[in-house]
Structures are given as structure tokens and as C-alpha cells.
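Visitor: So I've got this file, upload-v7.cif, and it contains mmCIF, C-alpha atoms and all ligand atoms:
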data_input
loop_
_atom_site.group_PDB
_atom_site.id
_atom_site.type_symbol
_atom_site.label_atom_id
_atom_site.label_comp_id
_atom_site.auth_asym_id
_atom_site.auth_seq_id
_atom_site.Cartn_x
_atom_site.Cartn_y
_atom_site.Cartn_z
ATOM 1 C CA MET A 1 -24.968 -22.477 -22.682
ATOM 2 C CA LEU A 2 -22.502 -23.529 -20.049
ATOM 3 C CA SER A 3 -23.724 -26.398 -17.954
ATOM 4 C CA ALA A 4 -22.513 -26.858 -14.419
ATOM 5 C CA ASN A 5 -19.833 -29.370 -15.332
ATOM 6 C CA ASP A 6 -18.542 -27.819 -18.533
ATOM 7 C CA GLU A 7 -15.166 -26.164 -18.628
ATOM 8 C CA PRO A 8 -14.016 -23.819 -21.354
ATOM 9 C CA THR A 9 -12.079 -25.570 -24.065
ATOM 10 C CA THR A 10 -11.036 -22.541 -26.104
ATOM 11 C CA GLY A 11 -7.479 -22.060 -27.266
ATOM 12 C CA ILE A 12 -6.625 -19.342 -24.768
ATOM 13 C CA ASP A 13 -3.573 -20.386 -22.802
ATOM 14 C CA PRO A 14 -4.642 -20.317 -19.156
ATOM 15 C CA THR A 15 -1.102 -19.521 -18.123
ATOM 16 C CA VAL A 16 -0.561 -15.825 -18.481
ATOM 17 C CA VAL A 17 2.986 -14.682 -17.907
ATOM 18 C CA GLY A 18 4.203 -11.176 -18.448
ATOM 19 C CA LEU A 19 1.297 -9.768 -20.431
ATOM 20 C CA SER A 20 2.030 -6.127 -21.109
ATOM 21 C CA ARG A 21 -1.180 -4.983 -22.796
ATOM 22 C CA ALA A 22 -3.785 -3.234 -20.696
ATOM 23 C CA PRO A 23 -7.101 -5.088 -20.215
ATOM 24 C CA ALA A 24 -10.332 -3.670 -21.482
ATOM 25 C CA GLY A 25 -10.955 -2.128 -18.076
ATOM 26 C CA LYS A 26 -14.175 -2.419 -16.092
ATOM 27 C CA ALA A 27 -16.181 -2.993 -19.281
ATOM 28 C CA ALA A 28 -14.437 -6.346 -19.657
ATOM 29 C CA PHE A 29 -16.122 -7.547 -16.480
ATOM 30 C CA LYS A 30 -19.511 -5.879 -16.960
ATOM 31 C CA ASP A 31 -21.385 -8.996 -17.982
ATOM 32 C CA HIS A 32 -20.252 -10.801 -14.863
ATOM 33 C CA MET A 33 -21.193 -7.935 -12.612
ATOM 34 C CA GLU A 34 -24.790 -8.283 -13.800
ATOM 35 C CA THR A 35 -26.684 -9.675 -10.853
ATOM 36 C CA ARG A 36 -29.990 -10.572 -12.500
ATOM 37 C CA PRO A 37 -30.337 -13.784 -14.520
ATOM 38 C CA ARG A 38 -30.217 -12.816 -18.177
ATOM 39 C CA GLU A 39 -32.793 -13.892 -20.732
ATOM 40 C CA GLY A 40 -31.677 -16.953 -22.663
ATOM 41 C CA LYS A 41 -28.958 -17.732 -20.159
ATOM 42 C CA SER A 42 -29.037 -20.143 -17.294
ATOM 43 C CA PRO A 43 -30.519 -18.528 -14.199
ATOM 44 C CA GLU A 44 -27.854 -20.393 -12.259
ATOM 45 C CA ARG A 45 -24.938 -18.052 -12.814
ATOM 46 C CA LEU A 46 -21.394 -19.180 -12.428
ATOM 47 C CA GLN A 47 -19.610 -17.788 -9.420
ATOM 48 C CA HIS A 48 -15.846 -17.396 -9.359
ATOM 49 C CA ILE A 49 -13.425 -17.611 -6.455
ATOM 50 C CA TRP A 50 -10.250 -15.701 -7.323
ATOM 51 C CA ILE A 51 -7.443 -16.842 -5.015
ATOM 52 C CA ILE A 52 -4.392 -14.610 -5.143
ATOM 53 C CA THR A 53 -1.542 -16.852 -4.209
ATOM 54 C CA GLY A 54 2.229 -17.056 -3.747
ATOM 55 C CA PRO A 55 4.834 -16.634 -0.992
ATOM 56 C CA ALA A 56 5.066 -13.734 1.447
ATOM 57 C CA GLY A 57 5.927 -10.484 -0.291
ATOM 58 C CA CYS A 58 4.830 -11.444 -3.810
ATOM 59 C CA GLY A 59 2.076 -8.816 -3.640
ATOM 60 C CA LYS A 60 -1.080 -10.799 -2.817
ATOM 61 C CA THR A 61 -2.711 -8.135 -0.663
ATOM 62 C CA THR A 62 -1.788 -5.346 -3.060
ATOM 63 C CA VAL A 63 -3.183 -7.196 -6.076
ATOM 64 C CA ALA A 64 -6.281 -8.416 -4.239
ATOM 65 C CA LYS A 65 -7.175 -4.879 -3.189
ATOM 66 C CA GLY A 66 -6.726 -3.706 -6.768
ATOM 67 C CA LEU A 67 -9.027 -6.443 -8.029
ATOM 68 C CA GLU A 68 -11.534 -5.746 -5.272
ATOM 69 C CA LYS A 69 -11.811 -2.205 -6.598
ATOM 70 C CA GLU A 70 -11.855 -3.193 -10.236
ATOM 71 C CA LEU A 71 -14.315 -6.078 -10.021
ATOM 72 C CA GLY A 72 -16.441 -4.714 -7.192
ATOM 73 C CA LEU A 73 -16.270 -8.075 -5.392
ATOM 74 C CA PRO A 74 -15.784 -8.820 -1.699
ATOM 75 C CA PHE A 75 -12.208 -9.478 -0.585
ATOM 76 C CA LEU A 76 -11.109 -11.906 2.115
ATOM 77 C CA GLU A 77 -7.617 -11.165 3.477
ATOM 78 C CA GLY A 78 -6.000 -14.494 4.319
ATOM 79 C CA ASP A 79 -3.903 -12.982 7.106
ATOM 80 C CA ASP A 80 -7.104 -12.077 8.997
ATOM 81 C CA PHE A 81 -8.087 -15.739 9.309
ATOM 82 C CA HIS A 82 -4.987 -16.925 11.163
ATOM 83 C CA PRO A 83 -5.486 -17.710 14.850
ATOM 84 C CA GLN A 84 -3.284 -15.632 17.130
ATOM 85 C CA SER A 85 -1.136 -18.717 17.784
ATOM 86 C CA ASN A 86 -0.168 -18.843 14.088
ATOM 87 C CA LYS A 87 0.586 -15.114 14.004
ATOM 88 C CA ASP A 88 2.721 -15.445 17.129
ATOM 89 C CA LYS A 89 4.596 -18.345 15.602
ATOM 90 C CA MET A 90 5.286 -16.526 12.340
ATOM 91 C CA GLY A 91 6.146 -13.339 14.231
ATOM 92 C CA ASN A 92 8.785 -15.349 16.097
ATOM 93 C CA GLY A 93 10.270 -16.535 12.815
ATOM 94 C CA ILE A 94 8.891 -20.087 13.063
ATOM 95 C CA PRO A 95 7.340 -21.426 9.852
ATOM 96 C CA LEU A 96 3.888 -22.949 10.161
ATOM 97 C CA THR A 97 3.388 -26.693 9.862
ATOM 98 C CA ASP A 98 0.673 -28.509 7.920
ATOM 99 C CA ALA A 99 -1.195 -28.953 11.211
ATOM 100 C CA ASP A 100 -1.123 -25.181 11.798
ATOM 101 C CA ARG A 101 -2.498 -24.505 8.350
ATOM 102 C CA TRP A 102 -5.482 -26.843 7.902
ATOM 103 C CA ASP A 103 -8.000 -24.957 10.021
ATOM 104 C CA TRP A 104 -6.838 -21.632 8.598
ATOM 105 C CA LEU A 105 -7.363 -22.835 5.028
ATOM 106 C CA ILE A 106 -10.750 -24.366 5.819
ATOM 107 C CA SER A 107 -11.981 -21.234 7.575
ATOM 108 C CA LEU A 108 -11.022 -19.123 4.551
ATOM 109 C CA ARG A 109 -12.718 -21.532 2.178
ATOM 110 C CA ASP A 110 -15.869 -21.608 4.315
ATOM 111 C CA ALA A 111 -15.955 -17.817 4.435
ATOM 112 C CA ALA A 112 -15.812 -17.689 0.633
ATOM 113 C CA THR A 113 -18.622 -20.208 0.157
ATOM 114 C CA GLU A 114 -20.733 -18.392 2.720
ATOM 115 C CA ILE A 115 -20.363 -15.143 0.797
ATOM 116 C CA LEU A 116 -21.393 -16.907 -2.416
ATOM 117 C CA SER A 117 -24.479 -18.543 -0.878
ATOM 118 C CA PRO A 118 -27.874 -16.824 -0.935
ATOM 119 C CA SER A 119 -28.652 -15.516 2.532
ATOM 120 C CA PRO A 120 -30.488 -12.690 4.270
ATOM 121 C CA ALA A 121 -27.112 -10.898 4.495
ATOM 122 C CA ASN A 122 -26.970 -10.550 0.701
ATOM 123 C CA ASN A 123 -30.718 -10.283 0.197
ATOM 124 C CA TYR A 124 -30.616 -13.743 -1.416
ATOM 125 C CA ASN A 125 -28.603 -12.244 -4.252
ATOM 126 C CA PRO A 126 -24.973 -13.269 -3.688
ATOM 127 C CA PRO A 127 -22.140 -11.705 -5.679
ATOM 128 C CA TRP A 128 -20.769 -13.306 -8.846
ATOM 129 C CA GLY A 129 -17.474 -13.902 -7.155
ATOM 130 C CA VAL A 130 -15.135 -13.351 -4.265
ATOM 131 C CA ILE A 131 -11.441 -12.531 -4.040
ATOM 132 C CA MET A 132 -9.113 -13.926 -1.403
ATOM 133 C CA SER A 133 -5.427 -13.677 -0.636
ATOM 134 C CA CYS A 134 -3.889 -16.924 0.532
ATOM 135 C CA SER A 135 -0.334 -18.173 0.150
ATOM 136 C CA ALA A 136 -1.542 -21.780 -0.484
ATOM 137 C CA LEU A 137 2.073 -22.827 -0.935
ATOM 138 C CA LYS A 138 1.535 -26.569 -1.360
ATOM 139 C CA HIS A 139 -0.574 -28.492 -3.832
ATOM 140 C CA LYS A 140 -2.572 -30.049 -1.009
ATOM 141 C CA TYR A 141 -3.402 -26.598 0.410
ATOM 142 C CA ARG A 142 -4.750 -25.565 -2.972
ATOM 143 C CA ASP A 143 -6.785 -28.768 -2.979
ATOM 144 C CA VAL A 144 -8.415 -27.650 0.263
ATOM 145 C CA MET A 145 -9.660 -24.585 -1.618
ATOM 146 C CA ARG A 146 -10.809 -26.666 -4.591
ATOM 147 C CA VAL A 147 -13.251 -28.461 -2.312
ATOM 148 C CA ALA A 148 -15.338 -25.257 -2.441
ATOM 149 C CA ALA A 149 -16.550 -26.335 -5.878
ATOM 150 C CA TYR A 150 -17.510 -29.894 -4.895
ATOM 151 C CA ASP A 151 -20.856 -29.080 -3.321
ATOM 152 C CA HIS A 152 -21.447 -25.932 -5.322
ATOM 153 C CA PRO A 153 -21.710 -26.779 -9.025
ATOM 154 C CA SER A 154 -21.945 -23.123 -10.004
ATOM 155 C CA VAL A 155 -18.598 -22.286 -8.379
ATOM 156 C CA ARG A 156 -15.344 -22.054 -10.326
ATOM 157 C CA ILE A 157 -11.976 -21.747 -8.560
ATOM 158 C CA HIS A 158 -9.105 -19.771 -10.062
ATOM 159 C CA PHE A 159 -5.677 -19.325 -8.532
ATOM 160 C CA ILE A 160 -3.719 -16.277 -9.608
ATOM 161 C CA TYR A 161 -0.140 -17.171 -8.792
ATOM 162 C CA LEU A 162 2.138 -14.151 -8.423
ATOM 163 C CA ARG A 163 5.547 -15.421 -9.410
ATOM 164 C CA ALA A 164 8.689 -13.680 -8.144
ATOM 165 C CA ASP A 165 12.286 -14.598 -7.375
ATOM 166 C CA GLU A 166 13.390 -14.878 -3.776
ATOM 167 C CA SER A 167 15.452 -11.682 -4.075
ATOM 168 C CA ILE A 168 12.347 -9.689 -5.001
ATOM 169 C CA LEU A 169 10.347 -11.254 -2.176
ATOM 170 C CA MET A 170 13.106 -10.375 0.293
ATOM 171 C CA GLU A 171 13.223 -6.804 -0.909
ATOM 172 C CA ARG A 172 9.461 -6.355 -0.628
ATOM 173 C CA VAL A 173 9.112 -8.009 2.776
ATOM 174 C CA ASN A 174 12.027 -5.919 4.067
ATOM 175 C CA ASP A 175 10.294 -2.769 2.880
ATOM 176 C CA ARG A 176 6.992 -3.740 4.474
ATOM 177 C CA LYS A 177 6.883 -2.494 8.036
ATOM 178 C CA SER A 178 4.607 -3.577 10.900
ATOM 179 C CA HIS A 179 3.703 -7.030 9.592
ATOM 180 C CA TYR A 180 4.258 -10.205 11.617
ATOM 181 C CA MET A 181 5.953 -11.874 8.652
ATOM 182 C CA LYS A 182 9.616 -10.829 8.562
ATOM 183 C CA SER A 183 12.158 -11.379 5.816
ATOM 184 C CA SER A 184 13.761 -14.246 7.760
ATOM 185 C CA MET A 185 10.672 -16.271 6.785
ATOM 186 C CA VAL A 186 11.001 -15.719 3.064
ATOM 187 C CA HIS A 187 13.473 -18.508 2.442
ATOM 188 C CA SER A 188 11.282 -21.128 4.114
ATOM 189 C CA GLN A 189 8.295 -19.855 2.114
ATOM 190 C CA VAL A 190 10.225 -20.367 -1.124
ATOM 191 C CA GLU A 191 11.422 -23.789 0.026
ATOM 192 C CA THR A 192 7.871 -24.823 0.907
ATOM 193 C CA LEU A 193 6.344 -23.548 -2.328
ATOM 194 C CA GLU A 194 5.253 -26.256 -4.756
ATOM 195 C CA ASP A 195 5.121 -24.512 -8.129
ATOM 196 C CA PRO A 196 1.418 -23.979 -8.899
ATOM 197 C CA SER A 197 1.989 -23.050 -12.572
ATOM 198 C CA PRO A 198 1.309 -26.457 -14.170
ATOM 199 C CA GLU A 199 -2.044 -26.879 -12.426
ATOM 200 C CA ARG A 200 -4.975 -26.373 -14.773
ATOM 201 C CA ASP A 201 -6.846 -23.763 -12.740
ATOM 202 C CA VAL A 202 -3.801 -21.568 -12.151
ATOM 203 C CA LEU A 203 -3.088 -18.284 -13.919
ATOM 204 C CA THR A 204 0.568 -17.411 -13.482
ATOM 205 C CA VAL A 205 1.565 -13.767 -13.500
ATOM 206 C CA ASP A 206 5.151 -12.530 -13.437
ATOM 207 C CA VAL A 207 5.255 -9.811 -10.779
ATOM 208 C CA ALA A 208 8.779 -8.449 -11.331
ATOM 209 C CA ALA A 209 7.300 -5.124 -12.389
ATOM 210 C CA PRO A 210 5.884 -1.981 -10.776
ATOM 211 C CA PRO A 211 2.481 -2.291 -9.069
ATOM 212 C CA ASP A 212 0.503 -0.666 -11.910
ATOM 213 C CA GLU A 213 1.955 -3.027 -14.471
ATOM 214 C CA VAL A 214 1.347 -6.059 -12.229
ATOM 215 C CA GLN A 215 -2.253 -4.955 -11.778
ATOM 216 C CA ARG A 216 -2.661 -4.673 -15.556
ATOM 217 C CA ARG A 217 -1.290 -8.179 -16.038
ATOM 218 C CA VAL A 218 -3.616 -9.607 -13.412
ATOM 219 C CA SER A 219 -6.654 -7.808 -14.830
ATOM 220 C CA ALA A 220 -5.795 -9.074 -18.298
ATOM 221 C CA ALA A 221 -5.518 -12.631 -16.985
ATOM 222 C CA VAL A 222 -8.906 -12.373 -15.272
ATOM 223 C CA ALA A 223 -10.547 -10.832 -18.347
ATOM 224 C CA ALA A 224 -9.121 -13.576 -20.585
ATOM 225 C CA LYS A 225 -10.395 -16.273 -18.266
ATOM 226 C CA LEU A 226 -13.878 -14.749 -18.134
ATOM 227 C CA ALA A 227 -13.889 -14.392 -21.916
ATOM 228 C CA GLU A 228 -13.429 -18.153 -22.186
ATOM 229 C CA TYR A 229 -16.719 -18.675 -20.374
ATOM 230 C CA GLU A 230 -18.452 -16.112 -22.540
ATOM 231 C CA GLN A 231 -17.462 -18.031 -25.655
ATOM 232 C CA GLN A 232 -19.322 -21.146 -24.546
HETATM 233 N N1 LIG B 1 4.703 -4.778 -7.882
HETATM 234 C C1 LIG B 1 5.266 -4.316 -6.767
HETATM 235 N N2 LIG B 1 6.423 -3.619 -6.833
HETATM 236 C C2 LIG B 1 7.016 -3.147 -5.711
HETATM 237 N N3 LIG B 1 6.519 -3.294 -4.459
HETATM 238 C C3 LIG B 1 5.367 -3.978 -4.329
HETATM 239 C C4 LIG B 1 4.681 -4.518 -5.460
HETATM 240 N N4 LIG B 1 3.570 -5.155 -5.025
HETATM 241 C C5 LIG B 1 3.558 -5.020 -3.676
HETATM 242 N N5 LIG B 1 4.625 -4.310 -3.255
HETATM 243 C C6 LIG B 1 4.997 -3.979 -1.870
HETATM 244 O O1 LIG B 1 5.617 -5.150 -1.357
HETATM 245 C C7 LIG B 1 5.202 -5.384 -0.009
HETATM 246 C C8 LIG B 1 4.504 -6.747 0.057
HETATM 247 O O2 LIG B 1 3.295 -6.671 -0.656
HETATM 248 P P1 LIG B 1 2.001 -7.404 -0.136
HETATM 249 O O3 LIG B 1 0.877 -7.053 -1.041
HETATM 250 O O4 LIG B 1 1.817 -7.165 1.328
HETATM 251 O O5 LIG B 1 2.431 -8.942 -0.376
HETATM 252 P P2 LIG B 1 1.850 -10.296 0.255
HETATM 253 O O6 LIG B 1 0.436 -10.021 0.635
HETATM 254 O O7 LIG B 1 1.968 -11.294 -0.835
HETATM 255 O O8 LIG B 1 2.735 -10.652 1.385
HETATM 256 C C9 LIG B 1 4.297 -4.231 0.360
HETATM 257 O O9 LIG B 1 5.071 -3.263 1.028
HETATM 258 C C10 LIG B 1 3.810 -3.705 -0.977
HETATM 259 O O10 LIG B 1 3.509 -2.328 -0.932
HETATM 260 O O1 LIG B 2 1.581 -11.383 3.668
HETATM 261 C C1 LIG B 2 2.317 -12.334 3.961
HETATM 262 O O2 LIG B 2 3.469 -12.225 4.358
HETATM 263 C C2 LIG B 2 1.763 -13.726 3.869
HETATM 264 O O3 LIG B 2 0.513 -13.666 3.241
HETATM 265 C C3 LIG B 2 1.620 -14.294 5.257
HETATM 266 O O4 LIG B 2 1.192 -13.328 6.136
HETATM 267 C C4 LIG B 2 0.691 -15.451 5.306
HETATM 268 O O5 LIG B 2 -0.316 -15.311 6.217
HETATM 269 C C5 LIG B 2 1.457 -16.595 5.618
HETATM 270 O O6 LIG B 2 2.302 -16.705 4.549
HETATM 271 C C6 LIG B 2 0.583 -17.821 5.822
HETATM 272 O O7 LIG B 2 1.303 -18.855 6.204
HETATM 273 P P1 LIG B 2 2.051 -19.793 5.190
HETATM 274 O O8 LIG B 2 2.323 -19.007 3.942
HETATM 275 O O9 LIG B 2 3.293 -20.155 5.908
HETATM 276 O O10 LIG B 2 1.099 -20.932 4.937
#
Reformat the file's structure so that it appears as C-alpha cells.

Guide:
Amino acid sequence: MLSANDEPTTGIDPTVVGLSRAPAGKAAFKDHMETRPREGKSPERLQHIWIITGPAGCGKTTVAKGLEKELGLPFLEGDDFHPQSNKDKMGNGIPLTDADRWDWLISLRDAATEILSPSPANNYNPPWGVIMSCSALKHKYRDVMRVAAYDHPSVRIHFIYLRADESILMERVNDRKSHYMKSSMVHSQVETLEDPSPERDVLTVDVAAPPDEVQRRVSAAVAAKLAEYEQQ
């Protein structure tokens, strides 16, 4: 049985790059979708926060929506949590500063922990996880998200880092119309990015592939991570 502080120690490499095999589909996640405590298992289920991360244009929203559908979990769109002042700044081609980002990150984190807490809104039966999109470009921004597990021993944080070259990001942001983030911001996003790949709770997915293939890679990474917990 997995206790609150245990982490999987199986041999599965947590860094998943360029997987090409399809995941087992919805069945792979069935056990985690179960909302009742199961006999013989701890009634305190683990809850997972899946943070889809990477610079503008890497495909966070696209992937998060795909996972939302596949896992049947709530999705928090990071863009929706920016104050208007941040959107105006980015829309004018001015990169955000650390000071602009703290409250945004904290509000996203708080929204995730609220969803995962028993409340009248979820009939005291919160979901087994939540998905969010959030660029979380720097290590310290990711640490803000990691705080979500400090006071909630049943919560596990996973970053799914969508890795792409600047040329791909430029292409995708250029193709995306009616978004405040324009392609002139891509370079500063890449410059600001501190490579998340070496961090132990990060699953890295190469996204230089069509959307269906990227979605398969992400689903496979999620299924592999969940399988680690099942093996405990
Ligand atoms: N794998 C992909 N291949 C080609 N285009 C993609 C892919 N994933 C997303 N896109 C497109 O790229 C643009 C940016 O994707 P989006 O999900 O908004 O990225 P982000 O949320 O990271 O900024 C959108 O127009 C989207 O339709
Ligand atoms: O879809 C996008 O283009 C990005 O998700 C973008 O909208 C995001 O909100 C900013 O990237 C946040 O600001 P920073 O990435 O500069 O922290």
C-alpha cells in the first residue's frame, strides 16, 4: 500500500521523450477514475495535479483539452487566471516579470487545491486529479506549484513538459489567431525557460509531431506514471 510519503521507485524512466506507441486508452486510467475507496486500499486516495507546461505555442491548451476528455478530470486554463494588466502587457509585446507572475501562479495553484478538497460543490467527493495549463517557465515558478503538495499529503504533482524548438513555437503562435500572445514574445519565452527536464517530477514529451501523435505520447506518459503507483 502506498503511504502518503512514499514515491514509486520502479524502473520506469520518468522522462518520456518521443514515445510512439499508443497508450492503453481510457482503460489505462480506469482504476484512478474510481471514486469510491476500494477494499484493501487506503481510503485516502492519491490525487494528481497534471501541469501541462512549456513556452507559448508548445501546445499546452491543446494537450490539456485532450487529457481533460480522456481522463474526465477538470481543466484549469492558465491564461484565464491572468489579471487584465498581465494580458495587456503581453498583448503589447512586453514580457511579464517575476512580480507579475507570483499572484497568477498562486491563484492557479489555489484553484487546483480547492477542486481537490472535499466541499459541498463536489458533494464531498473530489476528483482524483486536475489538469492545468501553465507555462511555469522557471524552476521557482514550478516550485510555487509544488507547494500544493505540502499541506495535502495525498496530492502528487506532475509536470508534463512539452518540448519544442523555437522555430516550431514561432510557427504555431503565428498560426494561432486572436490570442494576446504574439510571436514577438516567443523568443523571450525561450530565453526565460529553465529546462524542466532534469527535475524529478517532470515528464518530458517531444511535441514536434502532429496533434494526434502528441496526444498519444502524453497519454502514454500519464499511463506509465500511474502504473508506477499501481505497482506499489
Ligand atoms: N502538435 C501540434 N501540431 C501542430 N499545431 C499544433 C499542435 N499542437 C497545437 N497546435 C496549434 O498550435 C497553436 C498553439 O497551441 P496551443 O495549444 O494554444 O499552445 P499553448 O497553449 O502552449 O500556447 C494552436 O493554433 C494549436 O492549434
Ligand atoms: O498560450 C500561451 O501563449 C501562453 O500560455 C501564454 O498565454 C501564457 O499565459 C503566458 O505564457 C504566461 O506568461 P509567462 O509564460 O510569460 O509566464

Visitor: Given the choices A:Glu70, A:Glu114, A:Asp88, A:Asp80, which gets closest to ligand LIG 2 (chain B) if the distance is worked out from all atoms listed in the file?

Guide: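 Closest to ligand LIG 2 (chain B), using all atoms listed in the file: A:Asp80.
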
Visitor: Within 10 Å of (-7.5, -11.6, -0.1) in the file's own coordinates, which protein, DNA or RNA residues have an atom, counting all atoms listed in the file? List them as a list in words.

Guide: Trp50, Ile51, Ile52, Thr53, Lys60, Thr61, Thr62, Val63, Ala64, Lys65, Leu67, Glu68, Pro74, Phe75, Leu76, Glu77, Gly78, Asp79, Asp80, Leu108, Val130, Ile131, Met132, Ser133, Cys134 and Ser135 of chain A

Visitor: May I have the residues within 10 Å of ligand LIG 1 (chain B), computed using all atoms listed in the file, as a PyMOL selection string?

Guide: chain A and resi 52-65+77-79+133-135+162+164+168-179+181-182+186+206-215

Visitor: Nearest to Thr113 in chain A: which of A:Ser184, A:Ser219, A:Gln189, A:Ser154 is it, counting only C-alpha atoms?

Guide: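 The closest residue to Thr113 in chain A is A:Ser154.
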
Visitor: Between A:Pro198, A:Tyr180, A:Lys69, A:Gln231, single out the one closest to Gln84 in chain A, counting only C-alpha atoms.

Guide: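 Among A:Pro198, A:Tyr180, A:Lys69, A:Gln231, it is A:Tyr180 that comes nearest to Gln84 in chain A.
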
Visitor: Smallest atom-to-atom distance to Asp165 in chain A: which of A:Ile115, A:Ser85, A:His152, A:Leu193, using all atoms listed in the file?

Guide: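 The answer is A:Leu193, which sits nearest to Asp165 in chain A.
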
Visitor: Would you work out the distance separating CA of Tyr141 in chain A from CA of Asn122 in chain A, expressed in Å to one decimal?

Guide: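 Computing it gives 28.5 Å between the two atoms.
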
Visitor: Go through A:Asp100, A:Asp143, A:Glu199, A:Glu166 one by one, measure the shortest atom-to-atom distance of each to ligand LIG 2 (chain B) using all atoms listed in the file, and give the residue with the smallest value.

Guide: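 Using all atoms listed in the file, ligand LIG 2 (chain B) sits closest to A:Asp100.
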
Visitor: Hey, what's within 7 Å of Gly93 in chain A if we count all atoms listed in the file and toss same-chain stuff fewer than 3 positions away? As number ranges by chain, please?

Guide: A: 89-90, 184-185

Visitor: Find, counting all atoms listed in the file, the residue in A:Ala121, A:Val205, A:Ala112, A:Leu96 that gets nearest to ligand LIG 2 (chain B).

Guide: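 Checking each of A:Ala121, A:Val205, A:Ala112, A:Leu96 against ligand LIG 2 (chain B), counting all atoms listed in the file, the winner is A:Leu96.
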
Visitor: Please evaluate the PyMOL selection byres (((chain A and resi 196) around 10) and not hetatm) against the displayed coordinates and give the resulting residues as a list in words.

Guide: Thr53, Gly54, Ala136, Leu137, Lys138, His139, Arg142, Phe159, Ile160, Tyr161, Leu162, Arg163, Leu193, Glu194, Asp195, Ser197, Pro198, Glu199, Arg200, Asp201, Val202, Leu203 and Thr204 of chain A

Visitor: Just to confirm, what's the straight-line distance from CA of Ser117 in chain A to CA of Ile157 in chain A in Å (one decimal)?

Guide: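 So the answer is 15.0 Å.
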
Visitor: Using CA of Leu105 in chain A and atom O10 of ligand LIG 2 (chain B) as the two end points, give the distance in Å to one decimal.

Guide: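 Interatomic distance, CA of Leu105 in chain A to atom O10 of ligand LIG 2 (chain B): 8.7 Å.
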
Visitor: So what does the PyMOL selection byres (((chain A and resi 149) around 12) and not hetatm) actually pick up in this one, as a PyMOL selection string?

Guide: chain A and resi 4-5+46-49+109-110+112-113+116+143-148+150-158

Visitor: Quick one: what's the axis-aligned box for range 117-131 of chain A, all listed atoms, 5 Å on every side, centre and edges in Å to one decimal, as AutoDock Vina command-line options?

Guide:
--center_x -21.1 --center_y -14.4 --center_z -2.2 --size_x 29.3 --size_y 18.3 --size_z 23.3
